[in-house]
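Asks: Sharing entry-v8.cif (mmCIF, C-alpha atoms and all ligand atoms) below.
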```cif
data_final
#
loop_
_atom_site.label_atom_id
_atom_site.label_comp_id
_atom_site.auth_asym_id
_atom_site.auth_seq_id
_atom_site.Cartn_x
_atom_site.Cartn_y
_atom_site.Cartn_z
CA MET A 27 -6.91 2.38 3.25
CA PRO A 28 -5.15 1.50 0.01
CA GLU A 29 -3.93 -2.06 -0.38
CA LEU A 30 -0.55 -3.07 -1.78
CA PRO A 31 -1.58 -3.17 -5.47
CA GLU A 32 -2.86 0.42 -5.23
CA VAL A 33 0.37 1.64 -3.61
CA GLU A 34 2.49 -0.21 -6.18
CA ALA A 35 0.44 1.28 -9.03
CA LEU A 36 0.99 4.75 -7.51
CA ARG A 37 4.74 4.15 -7.17
CA LEU A 38 4.99 3.12 -10.82
CA GLY A 39 3.04 6.22 -11.90
CA LEU A 40 5.11 8.66 -9.84
CA LYS A 41 8.39 7.03 -10.83
CA LYS A 42 7.85 8.20 -14.41
CA VAL A 43 7.66 11.86 -13.42
CA LEU A 44 9.86 12.13 -10.31
CA VAL A 45 13.05 10.25 -11.20
CA ASN A 46 15.84 12.67 -12.20
CA ALA A 47 14.00 15.71 -10.85
CA THR A 48 16.03 18.06 -8.63
CA ILE A 49 14.60 19.41 -5.37
CA ARG A 50 14.64 23.24 -5.31
CA LYS A 51 12.57 24.09 -2.23
CA ILE A 52 10.48 22.32 0.43
CA SER A 53 7.75 23.87 2.58
CA VAL A 54 6.01 22.18 5.49
CA SER A 55 2.92 23.59 7.20
CA ARG A 56 2.20 20.80 9.70
CA ALA A 57 5.27 19.67 11.66
CA LYS A 58 3.86 16.39 12.93
CA ILE A 59 3.49 14.95 9.42
CA VAL A 60 7.24 15.13 8.87
CA SER A 61 8.60 14.81 12.41
CA SER A 62 6.64 12.00 14.00
CA SER A 63 8.01 8.57 14.60
CA GLY A 64 5.64 6.78 12.24
CA THR A 65 2.18 7.02 13.74
CA THR A 66 3.54 8.23 17.10
CA ARG A 67 2.94 11.96 16.82
CA VAL A 68 5.67 14.31 18.05
CA ASP A 69 6.52 17.78 16.86
CA ASN A 70 10.28 17.85 16.46
CA PRO A 71 11.61 21.20 15.16
CA GLN A 72 15.05 19.73 14.33
CA LYS A 73 13.45 17.05 12.15
CA VAL A 74 11.41 19.68 10.33
CA GLN A 75 14.55 21.74 9.79
CA ASP A 76 16.46 18.73 8.39
CA PHE A 77 13.47 17.86 6.21
CA ILE A 78 13.34 21.24 4.51
CA THR A 79 17.09 21.88 4.18
CA ILE A 80 19.19 18.72 3.71
CA PRO A 81 17.50 17.45 0.51
CA LEU A 82 17.83 20.78 -1.33
CA GLY A 83 19.75 20.54 -4.59
CA GLN A 84 19.55 16.74 -4.58
CA LYS A 85 18.11 14.61 -7.36
CA ILE A 86 15.43 11.96 -6.91
CA ILE A 87 17.16 8.79 -8.11
CA SER A 88 14.50 6.12 -7.58
CA LEU A 89 11.18 5.22 -5.99
CA THR A 90 11.06 1.93 -4.12
CA ARG A 91 8.47 0.23 -1.93
CA ARG A 92 8.30 -1.98 1.17
CA ALA A 93 4.78 -3.17 1.97
CA LYS A 94 2.66 -0.01 1.71
CA ASN A 95 5.57 2.39 2.29
CA ILE A 96 6.96 4.29 -0.69
CA MET A 97 10.60 5.40 -0.49
CA ILE A 98 11.73 8.39 -2.54
CA ASN A 99 15.51 7.92 -2.74
CA LEU A 100 17.84 10.92 -3.15
CA SER A 101 21.24 11.38 -4.79
CA GLY A 102 22.84 12.29 -1.45
CA GLY A 103 21.96 8.89 0.03
CA GLY A 104 18.98 10.13 2.04
CA LEU A 105 15.36 9.22 1.44
CA PHE A 106 11.77 10.18 2.12
CA LEU A 107 9.49 7.49 3.50
CA VAL A 108 5.85 8.10 2.51
CA HIS A 109 2.87 6.34 4.09
CA LEU A 110 -0.50 7.63 2.92
CA LYS A 111 -2.57 5.82 5.57
CA MET A 112 -6.30 6.58 5.18
CA THR A 113 -6.46 9.92 3.38
CA GLY A 114 -2.99 10.88 2.17
CA GLN A 115 -2.65 12.05 -1.41
CA LEU A 116 0.31 12.87 -3.64
CA VAL A 117 -0.26 15.22 -6.56
CA PHE A 118 2.50 16.12 -8.98
CA VAL A 119 1.88 19.07 -11.28
CA ALA A 120 4.45 19.27 -14.08
CA LEU A 121 5.64 22.61 -15.46
CA THR A 122 3.62 21.64 -18.54
CA GLY A 123 0.48 21.55 -16.35
CA GLU A 124 0.09 17.80 -16.62
CA GLN A 125 -1.08 16.29 -13.32
CA THR A 126 -0.22 12.94 -11.71
CA THR A 127 -2.42 12.08 -8.71
CA GLY A 128 -2.38 9.12 -6.38
CA GLY A 129 -4.12 8.32 -3.12
CA HIS A 130 -7.25 9.79 -1.69
CA PRO A 131 -9.58 10.89 -4.50
CA ILE A 132 -10.23 14.58 -4.00
CA GLN A 133 -9.97 16.02 -7.46
CA ASN A 134 -10.42 19.31 -9.27
CA GLN A 135 -9.22 21.30 -6.33
CA ASP A 136 -6.91 24.26 -6.05
CA LEU A 137 -3.29 23.49 -5.25
CA PRO A 138 -2.13 24.12 -2.67
CA ASN A 139 -5.34 23.90 -0.60
CA LYS A 140 -6.25 23.70 3.08
CA HIS A 141 -5.27 20.01 3.17
CA THR A 142 -1.82 20.59 1.64
CA TYR A 143 0.88 20.09 4.28
CA ILE A 144 4.05 19.62 2.24
CA ILE A 145 5.14 21.24 -1.02
CA PHE A 146 8.20 20.00 -2.89
CA GLU A 147 9.28 22.41 -5.59
CA LEU A 148 11.19 20.45 -8.22
CA ASP A 149 12.92 21.59 -11.38
CA ASN A 150 10.23 19.92 -13.51
CA GLY A 151 7.13 20.73 -11.43
CA THR A 152 5.66 20.66 -7.93
CA LEU A 153 4.76 17.71 -5.71
CA TYR A 154 2.01 18.30 -3.12
CA TYR A 155 1.26 16.11 -0.11
CA ASN A 156 -2.38 16.54 0.95
CA ASP A 157 -4.01 14.69 3.83
CA VAL A 158 -7.58 15.40 4.98
CA ARG A 159 -7.36 13.47 8.23
CA GLN A 160 -3.58 13.72 8.70
CA PHE A 161 -2.91 10.08 9.62
CA GLY A 162 -0.23 9.74 6.93
CA TYR A 163 3.37 10.84 7.14
CA VAL A 164 6.44 11.71 5.08
CA LEU A 165 9.71 11.28 6.97
CA TYR A 166 13.29 12.07 5.94
CA TYR A 167 16.12 9.65 6.78
CA PRO A 168 19.82 10.32 6.09
CA ASP A 169 20.26 6.74 4.82
CA SER A 170 18.37 3.48 4.57
CA GLN A 171 20.18 1.87 7.51
CA THR A 172 18.89 4.61 9.83
CA LEU A 173 15.39 3.86 8.59
CA LEU A 174 15.87 0.13 9.20
CA ASP A 175 17.22 0.85 12.69
CA THR A 176 13.94 2.54 13.63
CA GLY A 177 12.24 -0.84 13.38
CA HIS A 178 9.68 0.56 10.98
CA PHE A 179 9.86 -2.55 8.79
CA ASP A 180 10.21 -5.11 11.58
CA ASN A 181 7.68 -7.93 11.54
CA LEU A 182 6.86 -7.41 7.88
CA GLY A 183 6.60 -10.63 5.91
CA ILE A 184 7.77 -11.41 2.39
CA GLU A 185 7.00 -9.16 -0.57
CA PRO A 186 4.65 -11.22 -2.75
CA LEU A 187 5.77 -9.37 -5.89
CA SER A 188 9.46 -10.16 -5.29
CA SER A 189 11.53 -13.18 -6.28
CA ASP A 190 12.09 -13.90 -2.56
CA PHE A 191 8.51 -15.11 -2.37
CA THR A 192 8.99 -18.84 -2.83
CA LEU A 193 6.59 -21.69 -2.12
CA GLU A 194 9.03 -23.23 0.37
CA ASP A 195 9.30 -20.02 2.35
CA PHE A 196 5.53 -19.39 2.28
CA GLU A 197 4.87 -22.95 3.39
CA SER A 198 7.32 -22.82 6.27
CA ARG A 199 5.88 -19.51 7.49
CA ILE A 200 2.21 -20.42 7.22
CA SER A 201 2.10 -24.10 8.18
CA GLN A 202 3.21 -23.45 11.77
CA LYS A 203 0.65 -20.74 12.50
CA THR A 204 -2.19 -21.81 14.75
CA GLY A 205 -4.37 -18.83 13.82
CA VAL A 206 -7.21 -18.53 11.34
CA LEU A 207 -6.06 -18.22 7.70
CA LYS A 208 -7.57 -14.79 7.02
CA THR A 209 -6.23 -13.34 10.28
CA VAL A 210 -2.74 -14.64 9.53
CA LEU A 211 -2.79 -13.26 5.98
CA LEU A 212 -4.11 -9.89 7.19
CA ASP A 213 -1.47 -9.40 9.89
CA GLN A 214 1.33 -9.03 7.26
CA SER A 215 3.89 -11.12 9.13
CA VAL A 216 3.73 -14.00 6.66
CA VAL A 217 3.28 -12.05 3.43
CA VAL A 218 2.70 -8.33 3.07
CA GLY A 219 0.01 -6.86 0.87
CA CYS A 220 -2.99 -9.08 1.48
CA GLY A 221 -5.58 -6.67 2.84
CA ASN A 222 -9.28 -7.38 3.18
CA ILE A 223 -10.07 -7.41 -0.53
CA TYR A 224 -7.22 -9.58 -1.73
CA CYS A 225 -7.48 -12.03 1.21
CA ASP A 226 -11.06 -12.87 0.27
CA GLU A 227 -10.24 -13.10 -3.43
CA VAL A 228 -7.18 -15.31 -2.83
CA CYS A 229 -9.09 -17.67 -0.49
CA PHE A 230 -11.97 -17.99 -2.96
CA ALA A 231 -9.71 -18.61 -5.94
CA SER A 232 -7.82 -21.22 -3.89
CA GLY A 233 -10.98 -23.01 -2.75
CA VAL A 234 -9.98 -22.64 0.89
CA LEU A 235 -12.28 -21.26 3.60
CA PRO A 236 -10.83 -18.12 5.22
CA MET A 237 -11.71 -19.37 8.73
CA ARG A 238 -9.53 -22.48 8.42
CA LYS A 239 -6.75 -22.82 10.97
CA CYS A 240 -3.42 -22.45 9.16
CA ASN A 241 -1.92 -25.58 10.71
CA THR A 242 -4.71 -27.70 9.20
CA LEU A 243 -3.92 -26.63 5.63
CA THR A 244 -2.66 -29.41 3.38
CA LYS A 245 0.38 -29.01 1.13
CA PRO A 246 -1.76 -28.78 -2.03
CA GLU A 247 -3.93 -26.11 -0.36
CA ILE A 248 -0.86 -24.06 0.61
CA LYS A 249 0.44 -24.39 -2.95
CA LYS A 250 -2.91 -23.20 -4.31
CA LEU A 251 -2.92 -20.18 -1.96
CA TYR A 252 0.66 -19.38 -2.99
CA ASP A 253 -0.18 -19.66 -6.69
CA GLU A 254 -3.25 -17.44 -6.34
CA ILE A 255 -1.37 -14.73 -4.40
CA LYS A 256 1.24 -14.76 -7.19
CA ARG A 257 -1.47 -14.54 -9.84
CA ILE A 258 -3.95 -12.07 -8.29
CA LEU A 259 -1.66 -9.37 -6.81
CA PRO A 260 0.31 -8.64 -10.01
CA LEU A 261 -2.92 -8.66 -11.99
CA ALA A 262 -4.34 -6.09 -9.57
CA VAL A 263 -1.22 -3.89 -9.92
CA GLU A 264 -1.57 -4.07 -13.69
CA GLN A 265 -5.19 -2.95 -13.38
CA GLY A 266 -4.13 -0.18 -11.01
CA GLY A 267 -5.68 -1.76 -7.93
CA SER A 268 -9.28 -1.89 -6.85
CA SER A 269 -9.98 1.66 -5.71
CA VAL A 270 -12.79 0.43 -3.54
CA ALA A 271 -11.42 2.34 -0.55
CA ASN A 272 -11.54 5.70 -2.30
CA TYR A 273 -8.23 5.26 -3.96
CA LEU A 274 -7.09 6.89 -7.16
CA LEU A 275 -4.40 5.88 -9.61
CA ALA A 276 -1.40 7.99 -10.41
CA ASP A 277 -3.16 9.24 -13.53
CA GLY A 278 -6.23 10.30 -11.50
CA SER A 279 -8.46 7.50 -12.78
CA ARG A 280 -9.91 4.76 -10.61
CA GLY A 281 -8.42 1.28 -10.65
CA ASN A 282 -10.05 -1.42 -12.70
CA TYR A 283 -9.37 -4.48 -10.61
CA ALA A 284 -12.74 -4.05 -8.85
CA HIS A 285 -14.34 -5.44 -12.02
CA TYR A 286 -12.53 -8.70 -11.35
CA HIS A 287 -13.71 -9.19 -7.76
CA LEU A 288 -15.47 -12.50 -7.39
CA VAL A 289 -16.39 -12.36 -3.69
CA TYR A 290 -15.30 -9.07 -2.07
CA GLY A 291 -18.38 -6.93 -1.38
CA LYS A 292 -20.67 -9.57 -2.91
CA LYS A 293 -22.37 -11.09 0.13
CA GLY A 294 -25.66 -12.77 -0.88
CA LYS A 295 -24.85 -12.54 -4.60
CA PRO A 296 -24.57 -15.76 -6.57
CA CYS A 297 -21.18 -17.47 -6.52
CA ALA A 298 -19.46 -17.11 -9.89
CA VAL A 299 -18.70 -20.84 -9.90
CA CYS A 300 -21.70 -22.67 -8.37
CA GLY A 301 -24.39 -19.97 -8.38
CA ARG A 302 -25.30 -20.41 -4.70
CA PRO A 303 -25.49 -17.22 -2.59
CA LEU A 304 -22.16 -16.13 -1.06
CA SER A 305 -21.89 -16.18 2.74
CA SER A 306 -20.33 -13.64 5.04
CA LEU A 307 -18.97 -13.40 8.56
CA LYS A 308 -16.61 -11.17 10.51
CA ILE A 309 -13.01 -12.33 10.99
CA THR A 310 -10.74 -10.04 13.02
CA GLY A 311 -13.48 -7.43 12.74
CA ARG A 312 -13.38 -7.52 8.93
CA THR A 313 -16.32 -8.53 6.77
CA THR A 314 -15.31 -11.72 5.01
CA VAL A 315 -17.17 -13.13 2.01
CA PHE A 316 -16.83 -16.72 0.79
CA CYS A 317 -18.70 -19.61 -0.83
CA GLU A 318 -19.57 -22.39 1.61
CA HIS A 319 -19.93 -24.80 -1.29
CA CYS A 320 -16.79 -24.06 -3.33
CA GLN A 321 -14.37 -23.41 -0.46
CA LYS A 322 -13.37 -26.18 1.93
ZN ZN B 401 -19.63 -21.51 -5.04
#
```
What does the file become when written as structure tokens?

Replies:
Amino acid sequence: MPELPEVEALRLGLKKVLVNATIRKISVSRAKIVSSSGTTRVDNPQKVQDFITIPLGQKIISLTRRAKNIMINLSGGGLFLVHLKMTGQLVFVALTGEQTTGGHPIQNQDLPNKHTYIIFELDNGTLYYNDVRQFGYVLYYPDSQTLLDTGHFDNLGIEPLSSDFTLEDFESRISQKTGVLKTVLLDQSVVVGCGNIYCDEVCFASGVLPMRKCNTLTKPEIKKLYDEIKRILPLAVEQGGSSVANYLLADGSRGNYAHYHLVYGKKGKPCAVCGRPLSSLKITGRTTVFCEHCQK
């Protein structure tokens, strides 16, 4: 599963090639990918029909993001909501032959192939949606309010890359939680975008143990966590994400942020600060790595 920095890096890559393109034709070969209600799978012929007809002739005006959802916004006011889930992949092939790939890393394949479920023919090239396990989805909404009304974005916390992410807001959201720090960060209701990798990295860089109860965190500890989220996530976007979970960048290469990991996937290795072996335990079913000496 890609984390937020990977999705943001993909959005930035696709934005360069998709904005201002006009949609000429859309084909769909698996109804559930475009007609489900999020992960609730339903085949809805009317939704498929709307999906392949309404956007025709419209221009893509922008690509935006909320948590790990990418929105492809159209000139007619409608939009596509894309969630790649585990194995979704977007591949844009320009008329010049140049390829822009993001998501699951199957490369050097024919296009379309047996995992291609949606084809968008644009005036400057073709965008393919491939999905080996078909957990992802691409949904059309006539406007953003209709999307909001579905509740798809309910219970999502603040965007850590936005200016709305302030220390005061973070503090008020986190200090009242009685849960364990890592669990609270993972559940996305305080701040979106901290998956397994970035939770461990943020906790380590902040010197706070991931199994601490949130309501025992001191003000300076909350400030340190806030500062590290603000430092680490943008750095990871800049590096194109970590690509540990089989994730590729828009240009088809793997992200570089993995080189910067200090604790994730390093159980038993020496701590970068004190040299003692890193410890590990499961929190909310996720392997969590930390330094018992450097984190309090
Ligand atoms: Zn240490």

Asks: So how far away is CA of Leu212 in chain A from CA of Phe191 in chain A, in Å?

Replies: 16.7 Å

Asks: Between CA of Leu243 in chain A and CA of Ser306 in chain A, what distance in Å does the model show, to one decimal?

Replies: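 Between CA of Leu243 in chain A and CA of Ser306 in chain A the gap is 20.9 Å.
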
Asks: Would you name the residues within 9 Å of ligand ZN 401 (chain B), counting all atoms listed in the file, and put them as a PyMOL selection string?

Replies: chain A and resi 230+296-304+316-321

Asks: Need to verify the contact set: range 43-52 of chain A, 6 Å, only C-alpha atoms, exclusion of same-chain residues closer than 5 positions in sequence. Can you return it as a PyMOL selection string?

Replies: chain A and resi 78+82-88+145-149

Asks: So, counting all atoms listed in the file, which residue among A:Gly291, A:Gly129, A:Gly102, A:Pro260 is closest to Asn222 in chain A?

Replies: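 Nearest to Asn222 in chain A: A:Gly291.
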
Asks: Using all atoms listed in the file, which residues sit within 7 Å of range 103-112 of chain A once same-chain residues fewer than 6 positions away are excluded, as a PyMOL selection string?

Replies: chain A and resi 27+94-97+161-169

Asks: Quick one: pull the distance between CA of Leu251 in chain A and CA of His178 in chain A, Å, one decimal.

Replies: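 Rounded to one decimal, the two atoms are 27.5 Å apart.
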
Asks: Between A:Leu173, A:Gly151, A:Val289, A:Arg159, which is the closest to His130 in chain A once you count all atoms listed in the file?

Replies: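 Ranking A:Leu173, A:Gly151, A:Val289, A:Arg159 by distance to His130 in chain A, first place goes to A:Arg159.
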
Asks: I need the residue nearest Glu227 in chain A from this list: A:Thr172, A:Thr314, A:Ser198, A:Thr242. Use only C-alpha atoms for the distance.

Replies: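 Checking each candidate against Glu227 in chain A, we get A:Thr314 as the closest.
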
Asks: Pick out the closest residue to Asp226 in chain A from this set: A:Asn150, A:Thr126, A:Gln115, A:Ser305. Count all atoms listed in the file.

Replies: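 Among the listed residues, the smallest separation from Asp226 in chain A belongs to A:Ser305.
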